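Below is one structure, written out as structure tokens, with a few remarks after it.
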Amino acid sequence: MAVFPFEISATEGKARTGVLKTPRGDIRTPAFMPVGTAGTVKALYMDQVKDAGADIILGNTYHLMLRPGAERVQRLGGLHAFAHWNGPMLTDSGGFQVWSLAQLRKMDPDGVTFQSHIDGSTHRLTPARSIEIQADLLGADISMQLDECTDYPCTHEEAERSLDLSLDWGQRSLDAFGDRDAQTLFGIIQGSNYADLREKSAKGVVSQGFGGLALGGLAVGEGHDQMCATIDMTVPHLPDHLPRYVMGVGKPIDLVESVARGIDMFDCVLPTRSGRHGQAWTWDGPVNVKNARFAEDVSPLDEAVNCPASQDYSRAYYHHLFKAGEYLGPMLLSWHNTAFFQALMQEIRASIAEGRFEALRTRLQTAWASTKS
Ligand SMILES: Nc1nc2cc3nc(NCCc4ccc(CCO)cc4)[nH]c3cc2c(=O)[nH]1
């Protein structure tokens with residue numbers, strides 16, 4: 001398995017900025033990965049995603065294996081060609097989506113059998129099958145081990161049994177991944193919110209020899225403060241030289257606070273999901289364009305975001321598009337939110353490089369205090 005070069009160029013406290021170098025291109029870290037669940041970042045062209053500043057996008061094994069089918073994507077040239085994204089791509093392994101979406105799932109020590117939420121058909125994922133789908137059929141540059149996303153909350157005993165299963169599936173994922181010189185595999189740390197179990201899982205995953213380390217079992221309803229506490233109990237057990245990725249995170253305040261605790265990579269559906277429902281993220285915090293106060297507000301969404309969707313349309317126009325149910329509303333707002341999240345990451349990277357990250361963090365904590373819940 002390749003371990004992609006990860007070059008940290010500057011640090012400020014626990015925060016790091018650098019570059020993860022992959023055969024398909026460099027990933028500037030801290031990085032936010034737009035989510036392209038079913039081979040599309042919803043309502044956006046890949047050119048818009050690229051121009052917004054994204055270096056890497058995420059795809060989902062669960063969704064693509066159900067529709068259009070992993071073998072079909074391979075027959076059509078793999079996910080990069082199919083979706084017209086020629087940069088690095090990371091795919092999730094399917095465990096979380098089975099846990100959160102599938103009906104009638106049956107876990108056993110070797111894998112999970114489940115029914116599709118789309119047509120009820122029966123499917124099975126094992127560590128080896130998940131790796132085959134991600135690395136061989138979809139062609140992901142970065143694959144994720146198959147894991148079990150532990151229920152939250154749960155007892156100490158449930159959390160330990162779950163992390164032990166994920167450690168076993170992690171080793172099976174590594175064995176199935178084998179020797180590949182242009183692709184890598186990340187491990188996933190579980191342990192719920194128990195410090196001793198996060199330490200056990202972290203030390204176990206680190207010892208297995210992955211190309212990157214993900215913190216799983218977060219953004220599952222624990223809330224901002226518990227998420228931060230769980231990151232604090234995990235990062236001390238991780239080596240500095242591997243990239244650290246918190247899965248499913250998150251709101252802008254979550255990104256800032258996680259970077260401050262030493263995290264390098266993120267993914268979340270929030271920019272496009274909230275964009276489809278009228279929520280715009282800005283440097284002054286989120287606003288919902290459907291609110292009557294915007295009906296005649298001629299100001300743009302955010303002049304500091306270098307994107308046509310952020311600068312060239314009035315809030316009044318956004319208000320109208322969403323009240324009228326026009327397609328252009330979700331399209332433009334998904335574009336703006338995607339550009340805002342990338343502008344935030346760019347400012348975070350620059351602030352760490354220039355030794356002013358803590359000043360940025362303090363300013364944003366104040367501006368975004370009400371978004372912590
Ligand atoms: N393999 C694996 N993948 C994961 C994906 C995750 N995604 C999340 N959270 C996403 C939660 C999330 C869902 C929707 C929205 C939009 C606004 O409602 C925002 C966040 N937690 C996650 C945990 C895991 C995990 O342990 N293992």
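Identifiers in the structure tokens: chain A, B, ... in order shown; residue index from 1 per chain; ligand index from 1 in order shown.
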
Note to self: as a list in words, please: every protein or nucleic acid residue near ligand 1 (cut-off 6 Å, counting only C-alpha atoms and all ligand atoms).
What the structure shows: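 Listing the residues within 6 Å of ligand 1 gives Asp92, Ser93, Gly95, Phe96, Asp147, Cys149, Gly216, Gly217, Leu218, Ala219, Val220, Met247, Gly248, Cys268, Val269, Leu270 and Arg273 of chain A.
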
Close residues, Ser373 in chain A itself excluded, 9 Å, only C-alpha atoms, min 3 positions apart in chain, as a PDB file with N, CA and C atoms, in the first residue's frame:
ATOM      1  N   GLY A 223     -22.910  16.364  19.602  1.00  0.00           N
ATOM      2  CA  GLY A 223     -22.809  17.799  19.858  1.00  0.00           C
ATOM      3  C   GLY A 223     -21.376  18.289  19.788  1.00  0.00           C
ATOM      4  N   HIS A 224     -21.229  19.610  19.643  1.00  0.00           N
ATOM      5  CA  HIS A 224     -19.921  20.209  19.403  1.00  0.00           C
ATOM      6  C   HIS A 224     -18.937  19.952  20.544  1.00  0.00           C
ATOM      7  N   ASP A 225     -19.338  20.200  21.763  1.00  0.00           N
ATOM      8  CA  ASP A 225     -18.401  20.099  22.891  1.00  0.00           C
ATOM      9  C   ASP A 225     -17.905  18.668  23.097  1.00  0.00           C
ATOM     10  N   SER A 370     -23.283  31.234  18.342  1.00  0.00           N
ATOM     11  CA  SER A 370     -24.638  30.669  18.429  1.00  0.00           C
ATOM     12  C   SER A 370     -24.779  29.402  17.584  1.00  0.00           C
TER      13      SER A 370
END

Next item on the list: Skip range 54-64 of chain A itself and residues of its chain fewer than 2 positions away, then list as an NGL selection string all residues within 9 Å of it, counting only C-alpha atoms.
Entry: :A and (25-28 or 31-41 or 49-52 or 66-70 or 73 or 79 or 85 or 87-98 or 130 or 133-134 or 138 or 140 or 267 or 338-339 or 342)

Using N, CA and C atoms, can you export the residues from the last selection as a tab-separated table (two decimals), in the first residue's frame?
chain	number	residue	atom	x	y	z
A	25	GLY	N	-2.82	14.38	-7.76
A	25	GLY	CA	-2.75	15.80	-7.42
A	25	GLY	C	-2.53	16.04	-5.95
A	26	ASP	N	-2.14	17.26	-5.62
A	26	ASP	CA	-1.84	17.63	-4.24
A	26	ASP	C	-3.11	18.06	-3.51
A	27	ILE	N	-3.17	17.73	-2.23
A	27	ILE	CA	-4.28	18.13	-1.37
A	27	ILE	C	-3.73	19.08	-0.32
A	28	ARG	N	-4.16	20.34	-0.38
A	28	ARG	CA	-3.70	21.34	0.60
A	28	ARG	C	-4.46	21.12	1.90
A	31	ALA	N	-7.93	20.43	4.83
A	31	ALA	CA	-8.73	20.31	3.61
A	31	ALA	C	-10.17	19.97	3.95
A	32	PHE	N	-11.09	20.56	3.20
A	32	PHE	CA	-12.51	20.18	3.29
A	32	PHE	C	-12.89	19.49	2.00
A	33	MET	N	-13.42	18.27	2.09
A	33	MET	CA	-13.80	17.48	0.93
A	33	MET	C	-15.29	17.63	0.65
A	34	PRO	N	-15.69	18.28	-0.45
A	34	PRO	CA	-17.11	18.28	-0.82
A	34	PRO	C	-17.58	16.84	-1.02
A	35	VAL	N	-18.80	16.56	-0.63
A	35	VAL	CA	-19.33	15.20	-0.71
A	35	VAL	C	-20.05	14.99	-2.04
A	36	GLY	N	-19.55	14.00	-2.79
A	36	GLY	CA	-20.16	13.63	-4.08
A	36	GLY	C	-20.76	12.24	-3.96
A	37	THR	N	-21.71	12.08	-3.08
A	37	THR	CA	-22.24	10.78	-2.65
A	37	THR	C	-22.46	9.80	-3.80
A	38	ALA	N	-23.25	10.16	-4.79
A	38	ALA	CA	-23.61	9.22	-5.86
A	38	ALA	C	-22.93	9.63	-7.16
A	39	GLY	N	-21.68	10.11	-7.03
A	39	GLY	CA	-20.93	10.49	-8.22
A	39	GLY	C	-21.23	11.91	-8.68
A	40	THR	N	-21.85	12.69	-7.84
A	40	THR	CA	-22.10	14.10	-8.14
A	40	THR	C	-22.16	14.89	-6.83
A	41	VAL	N	-21.51	16.07	-6.86
A	41	VAL	CA	-21.66	17.01	-5.74
A	41	VAL	C	-22.96	17.73	-6.07
A	49	VAL	N	-16.87	22.96	-8.56
A	49	VAL	CA	-16.25	22.41	-7.36
A	49	VAL	C	-14.75	22.69	-7.37
A	50	LYS	N	-14.15	22.48	-8.55
A	50	LYS	CA	-12.69	22.70	-8.69
A	50	LYS	C	-12.37	24.17	-8.52
A	51	ASP	N	-13.15	25.04	-9.23
A	51	ASP	CA	-12.88	26.49	-9.18
A	51	ASP	C	-13.12	27.07	-7.79
A	52	ALA	N	-13.97	26.39	-7.00
A	52	ALA	CA	-14.22	26.86	-5.63
A	52	ALA	C	-12.99	26.62	-4.75
A	66	LEU	N	-25.21	0.32	-4.90
A	66	LEU	CA	-26.65	0.07	-5.07
A	66	LEU	C	-27.13	0.63	-6.42
A	67	ARG	N	-26.57	1.74	-6.81
A	67	ARG	CA	-26.97	2.42	-8.05
A	67	ARG	C	-25.89	3.36	-8.50
A	68	PRO	N	-25.27	3.19	-9.66
A	68	PRO	CA	-25.63	2.29	-10.78
A	68	PRO	C	-25.06	0.88	-10.66
A	69	GLY	N	-24.27	0.60	-9.57
A	69	GLY	CA	-23.60	-0.70	-9.43
A	69	GLY	C	-22.11	-0.50	-9.60
A	70	ALA	N	-21.31	-1.14	-8.73
A	70	ALA	CA	-19.86	-0.89	-8.77
A	70	ALA	C	-19.23	-1.45	-10.04
A	73	VAL	N	-19.87	0.93	-12.89
A	73	VAL	CA	-18.98	2.10	-12.89
A	73	VAL	C	-17.62	1.71	-13.47
A	79	LEU	N	-14.82	5.80	-11.52
A	79	LEU	CA	-15.60	6.93	-11.01
A	79	LEU	C	-15.06	8.27	-11.51
A	85	TRP	N	-14.26	13.94	-12.72
A	85	TRP	CA	-13.43	14.58	-11.69
A	85	TRP	C	-12.04	13.99	-11.84
A	87	GLY	N	-9.21	14.93	-10.25
A	87	GLY	CA	-8.36	15.11	-9.07
A	87	GLY	C	-8.48	13.92	-8.13
A	88	PRO	N	-7.83	13.99	-6.96
A	88	PRO	CA	-7.94	12.90	-6.00
A	88	PRO	C	-9.37	12.72	-5.50
A	89	MET	N	-9.68	11.45	-5.22
A	89	MET	CA	-11.01	11.13	-4.70
A	89	MET	C	-10.86	10.16	-3.54
A	90	LEU	N	-11.61	10.39	-2.47
A	90	LEU	CA	-11.65	9.49	-1.32
A	90	LEU	C	-13.04	8.87	-1.28
A	91	THR	N	-13.12	7.56	-1.02
A	91	THR	CA	-14.44	6.94	-0.91
A	91	THR	C	-14.62	6.41	0.51
A	92	ASP	N	-15.84	6.55	1.05
A	92	ASP	CA	-16.14	5.94	2.32
A	92	ASP	C	-16.48	4.48	2.04
A	93	SER	N	-16.33	3.65	3.07
A	93	SER	CA	-16.34	2.19	2.87
A	93	SER	C	-17.74	1.58	2.90
A	94	GLY	N	-18.72	2.34	3.37
A	94	GLY	CA	-20.09	1.82	3.36
A	94	GLY	C	-20.66	1.51	4.72
A	95	GLY	N	-19.80	1.31	5.72
A	95	GLY	CA	-20.29	0.91	7.04
A	95	GLY	C	-21.27	1.91	7.62
A	96	PHE	N	-20.90	3.17	7.59
A	96	PHE	CA	-21.75	4.21	8.18
A	96	PHE	C	-23.07	4.31	7.44
A	97	GLN	N	-23.03	4.23	6.11
A	97	GLN	CA	-24.25	4.38	5.33
A	97	GLN	C	-25.17	3.18	5.54
A	98	VAL	N	-24.58	1.98	5.68
A	98	VAL	CA	-25.43	0.82	5.99
A	98	VAL	C	-26.12	1.05	7.33
A	130	SER	N	-15.56	-4.43	0.19
A	130	SER	CA	-15.54	-2.96	0.25
A	130	SER	C	-14.27	-2.43	-0.40
A	133	ILE	N	-14.57	-2.83	-4.20
A	133	ILE	CA	-15.41	-1.77	-4.78
A	133	ILE	C	-14.65	-0.44	-4.84
A	134	GLN	N	-14.06	-0.04	-3.70
A	134	GLN	CA	-13.41	1.28	-3.65
A	134	GLN	C	-12.19	1.38	-4.56
A	138	LEU	N	-14.33	1.39	-8.35
A	138	LEU	CA	-14.52	2.85	-8.41
A	138	LEU	C	-13.20	3.54	-8.73
A	140	ALA	N	-10.82	4.60	-6.35
A	140	ALA	CA	-10.52	5.67	-5.38
A	140	ALA	C	-9.02	5.80	-5.16
A	267	ASP	N	-14.98	16.08	5.82
A	267	ASP	CA	-16.02	15.99	4.78
A	267	ASP	C	-17.37	16.21	5.43
A	338	THR	N	-20.44	25.92	-1.08
A	338	THR	CA	-19.22	25.15	-1.39
A	338	THR	C	-18.02	26.08	-1.47
A	339	ALA	N	-18.20	27.25	-2.10
A	339	ALA	CA	-17.12	28.24	-2.20
A	339	ALA	C	-16.78	28.83	-0.83
A	342	GLN	N	-14.63	26.39	1.14
A	342	GLN	CA	-13.25	26.38	0.64
A	342	GLN	C	-12.52	27.67	0.99

Item checked: Residue contacts of range 74-76 of chain A (9 Å, only C-alpha atoms) excluding same-chain residues fewer than 6 positions away, as an MDAnalysis selection string -> chainID A and resid 82 136:139

Next item on the list: Quote the spacing between CA of Val287 in chain A and CA of Gly53 in chain A in Å to one decimal place.
Entry: 22.7 Å

Checklist line | One-decimal distance in Å that lies between CA of Phe186 in chain A and CA of Ile142 in chain A | finding: 7.1 Å

Next item on the list: Taking the DSSP assignment computed from this structure's backbone, write out as a ChimeraX atom specification all residues of range 120-309 of chain A that belong to strand (DSSP E).
Entry: /A:122-125,142-144,184-189,212-215,244-246,265-268,279-282,285-288

Margin query: What's around Ser121 in chain A at 12 Å? Count only C-alpha atoms, leave out sequence neighbours fewer than 5 positions away in its own chain, and write the answer as number ranges by chain.
Written below: A: 65-67, 102-105, 113-116

Would you output that residue set with C-alpha atoms, as a CSV table (one decimal), in the first residue's frame?
chain,number,residue,atom,x,y,z
A,65,MET,CA,-22.9,-0.1,-5.3
A,66,LEU,CA,-26.6,0.1,-5.1
A,67,ARG,CA,-27.0,2.4,-8.1
A,102,ALA,CA,-30.1,0.5,5.0
A,103,GLN,CA,-33.1,-1.5,6.1
A,104,LEU,CA,-32.9,-4.9,7.7
A,105,ARG,CA,-29.2,-5.1,8.2
A,113,THR,CA,-25.9,-8.1,4.9
A,114,PHE,CA,-28.5,-5.5,4.2
A,115,GLN,CA,-31.4,-4.5,2.1
A,116,SER,CA,-31.2,-1.5,-0.2

Note to self: Nearest residue to Ile352 in chain A out of A:Gly262, A:Gly250, A:Pro330, A:Gly170, using only C-alpha atoms?
What the structure shows: A:Gly262

Next item on the list: Could you find all residues in range 114-345 of chain A that DSSP calls helix (DSSP H, G or I) from the backbone, and write them as JSON, numbers by chain?
Entry: {"A": [127, 128, 129, 130, 131, 132, 133, 134, 135, 136, 137, 138, 156, 157, 158, 159, 160, 161, 162, 163, 164, 165, 166, 167, 168, 169, 170, 171, 172, 173, 174, 175, 176, 177, 195, 196, 197, 198, 199, 200, 201, 202, 203, 204, 205, 206, 207, 208, 224, 225, 226, 227, 228, 229, 230, 231, 232, 233, 234, 235, 236, 237, 252, 253, 254, 255, 256, 257, 258, 259, 260, 270, 271, 272, 273, 274, 275, 276, 292, 293, 294, 308, 309, 310, 311, 315, 316, 317, 318, 319, 320, 321, 322, 323, 328, 329, 330, 331, 332, 333, 334, 335, 336, 337, 338, 339, 340, 341, 342, 343, 344, 345]}

Margin query: Show me, as a PyMOL selection string, the residues that have an atom within 12 Å of Asp164 in chain A when counting only C-alpha atoms, minus same-chain residues fewer than 4 positions from it.
Written below: chain A and resi 109+147-150+157-160+168-171+188-191+197-198+200-202+204-205

Write the selection just made, keeping N, CA and C atoms, as a short mmCIF file (atom, residue, chain, number, x, y, z; two decimals), in the first residue's frame?
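Now in result.cif:
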data_model
loop_
_atom_site.label_atom_id
_atom_site.label_comp_id
_atom_site.auth_asym_id
_atom_site.auth_seq_id
_atom_site.Cartn_x
_atom_site.Cartn_y
_atom_site.Cartn_z
N PRO A 109 -19.59 -11.57 12.21
CA PRO A 109 -18.17 -11.25 12.41
C PRO A 109 -17.42 -10.98 11.09
N ASP A 147 -15.64 -0.41 8.60
CA ASP A 147 -15.72 -0.32 10.06
C ASP A 147 -17.18 -0.39 10.48
N GLU A 148 -17.37 -0.40 11.77
CA GLU A 148 -18.72 -0.27 12.31
C GLU A 148 -18.77 1.07 13.02
N CYS A 149 -19.68 1.95 12.55
CA CYS A 149 -19.85 3.23 13.24
C CYS A 149 -20.67 2.97 14.49
N THR A 150 -20.02 3.09 15.64
CA THR A 150 -20.67 2.72 16.90
C THR A 150 -21.88 3.61 17.20
N GLU A 157 -19.11 -1.26 27.37
CA GLU A 157 -18.96 -2.62 26.83
C GLU A 157 -19.31 -2.66 25.34
N GLU A 158 -20.41 -1.96 24.97
CA GLU A 158 -20.83 -1.93 23.56
C GLU A 158 -19.76 -1.24 22.71
N ALA A 159 -19.20 -0.15 23.26
CA ALA A 159 -18.19 0.61 22.52
C ALA A 159 -16.94 -0.24 22.31
N GLU A 160 -16.59 -1.03 23.33
CA GLU A 160 -15.35 -1.84 23.19
C GLU A 160 -15.57 -2.98 22.19
N ASP A 168 -10.57 -5.54 13.82
CA ASP A 168 -10.47 -6.78 13.04
C ASP A 168 -10.75 -6.51 11.57
N TRP A 169 -11.78 -5.73 11.30
CA TRP A 169 -12.12 -5.40 9.90
C TRP A 169 -11.06 -4.51 9.28
N GLY A 170 -10.38 -3.75 10.10
CA GLY A 170 -9.27 -2.91 9.60
C GLY A 170 -8.14 -3.77 9.10
N GLN A 171 -7.78 -4.80 9.86
CA GLN A 171 -6.71 -5.69 9.44
C GLN A 171 -7.12 -6.44 8.17
N ILE A 188 -9.77 3.64 10.59
CA ILE A 188 -10.79 4.44 11.28
C ILE A 188 -10.81 4.09 12.76
N ILE A 189 -10.66 5.11 13.60
CA ILE A 189 -10.61 4.97 15.05
C ILE A 189 -12.01 5.15 15.62
N GLN A 190 -12.41 4.21 16.50
CA GLN A 190 -13.71 4.30 17.15
C GLN A 190 -13.49 4.45 18.66
N GLY A 191 -14.44 4.01 19.46
CA GLY A 191 -14.29 4.10 20.91
C GLY A 191 -15.29 5.03 21.58
N LEU A 197 -11.04 3.84 25.67
CA LEU A 197 -11.34 3.08 24.44
C LEU A 197 -10.84 3.80 23.19
N ARG A 198 -10.92 5.13 23.21
CA ARG A 198 -10.34 5.90 22.08
C ARG A 198 -8.83 5.67 22.03
N LYS A 200 -7.28 2.90 23.18
CA LYS A 200 -7.08 1.51 22.72
C LYS A 200 -7.25 1.44 21.20
N SER A 201 -8.30 2.06 20.69
CA SER A 201 -8.56 2.00 19.25
C SER A 201 -7.45 2.74 18.48
N ALA A 202 -7.07 3.92 18.97
CA ALA A 202 -6.03 4.70 18.27
C ALA A 202 -4.73 3.91 18.19
N GLY A 204 -4.31 0.74 18.41
CA GLY A 204 -4.49 -0.43 17.54
C GLY A 204 -4.41 -0.06 16.08
N VAL A 205 -5.13 1.00 15.69
CA VAL A 205 -5.16 1.40 14.28
C VAL A 205 -3.77 1.87 13.85
#

Check: A:Asp179, A:Glu132, A:Asp108, A:Glu222: which is nearest Leu165 in chain A, counting only C-alpha atoms?
Finding: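 Of the candidates, the smallest distance to Leu165 in chain A is held by A:Asp108.
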
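Shell of Glu303 in chain A at 12 Å, with only C-alpha atoms counted and residues fewer than 4 places along the chain excluded, is Thr282, Trp283, Asp284, Ser299, Cys307, Pro308, Ala309, Ser310, Gln311, Asp312, Tyr313, Ser314, Arg315, His336, Ala339, Phe340 and Ala343 of chain A.
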
Include N, CA and C atoms and write out the residues we just selected as a short mmCIF file (atom, residue, chain, number, x, y, z; two decimals), in the first residue's frame.
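Listed below is the output, part-v6.cif:
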data_model
loop_
_atom_site.label_atom_id
_atom_site.label_comp_id
_atom_site.auth_asym_id
_atom_site.auth_seq_id
_atom_site.Cartn_x
_atom_site.Cartn_y
_atom_site.Cartn_z
N THR A 282 -21.98 32.24 5.86
CA THR A 282 -21.20 33.45 5.55
C THR A 282 -20.21 33.69 6.68
N TRP A 283 -19.28 34.63 6.45
CA TRP A 283 -18.31 34.96 7.49
C TRP A 283 -18.99 35.52 8.74
N ASP A 284 -20.21 36.05 8.59
CA ASP A 284 -20.94 36.55 9.76
C ASP A 284 -21.85 35.49 10.36
N SER A 299 -28.14 43.41 -0.85
CA SER A 299 -26.72 43.02 -0.63
C SER A 299 -26.48 41.58 -1.10
N CYS A 307 -16.74 34.20 -5.56
CA CYS A 307 -17.57 33.27 -6.35
C CYS A 307 -18.77 34.05 -6.88
N PRO A 308 -19.15 33.89 -8.16
CA PRO A 308 -20.30 34.62 -8.70
C PRO A 308 -21.55 34.45 -7.84
N ALA A 309 -21.76 33.24 -7.29
CA ALA A 309 -22.97 33.01 -6.49
C ALA A 309 -22.95 33.82 -5.20
N SER A 310 -21.76 34.19 -4.75
CA SER A 310 -21.61 34.95 -3.49
C SER A 310 -21.68 36.45 -3.71
N GLN A 311 -21.31 36.88 -4.94
CA GLN A 311 -21.14 38.31 -5.17
C GLN A 311 -22.13 38.93 -6.16
N ASP A 312 -22.66 38.14 -7.12
CA ASP A 312 -23.39 38.74 -8.24
C ASP A 312 -24.90 38.72 -8.12
N TYR A 313 -25.43 38.14 -7.02
CA TYR A 313 -26.89 38.04 -6.88
C TYR A 313 -27.29 38.61 -5.52
N SER A 314 -28.39 39.31 -5.48
CA SER A 314 -28.84 39.92 -4.21
C SER A 314 -29.51 38.87 -3.34
N ARG A 315 -29.51 39.14 -2.04
CA ARG A 315 -30.25 38.28 -1.11
C ARG A 315 -31.73 38.29 -1.46
N HIS A 336 -22.50 28.75 -3.72
CA HIS A 336 -21.95 29.70 -2.74
C HIS A 336 -21.41 28.98 -1.50
N ALA A 339 -18.20 27.25 -2.10
CA ALA A 339 -17.12 28.24 -2.20
C ALA A 339 -16.78 28.83 -0.83
N PHE A 340 -17.79 29.04 0.01
CA PHE A 340 -17.51 29.59 1.35
C PHE A 340 -16.67 28.61 2.17
N ALA A 343 -13.25 28.79 0.99
CA ALA A 343 -12.62 30.07 1.39
C ALA A 343 -12.21 30.02 2.86
#

Check: Given the choices A:Thr29, A:Thr272, A:Thr155, A:Asn288, which gets closest to Met331 in chain A if the distance is worked out from only C-alpha atoms?
Finding: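 Ranking A:Thr29, A:Thr272, A:Thr155, A:Asn288 by distance to Met331 in chain A, first place goes to A:Thr272.
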
Item checked: Atom-to-atom span, CA of Lys203 in chain A and CA of His156 in chain A, Å ->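 Distance between the two atoms: 17.6 Å.
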
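Take the candidates A:His123, A:Arg293, A:His84, A:Arg72 and check each one against Gln48 in chain A using only C-alpha atoms; the shortest distance goes to A:His84.
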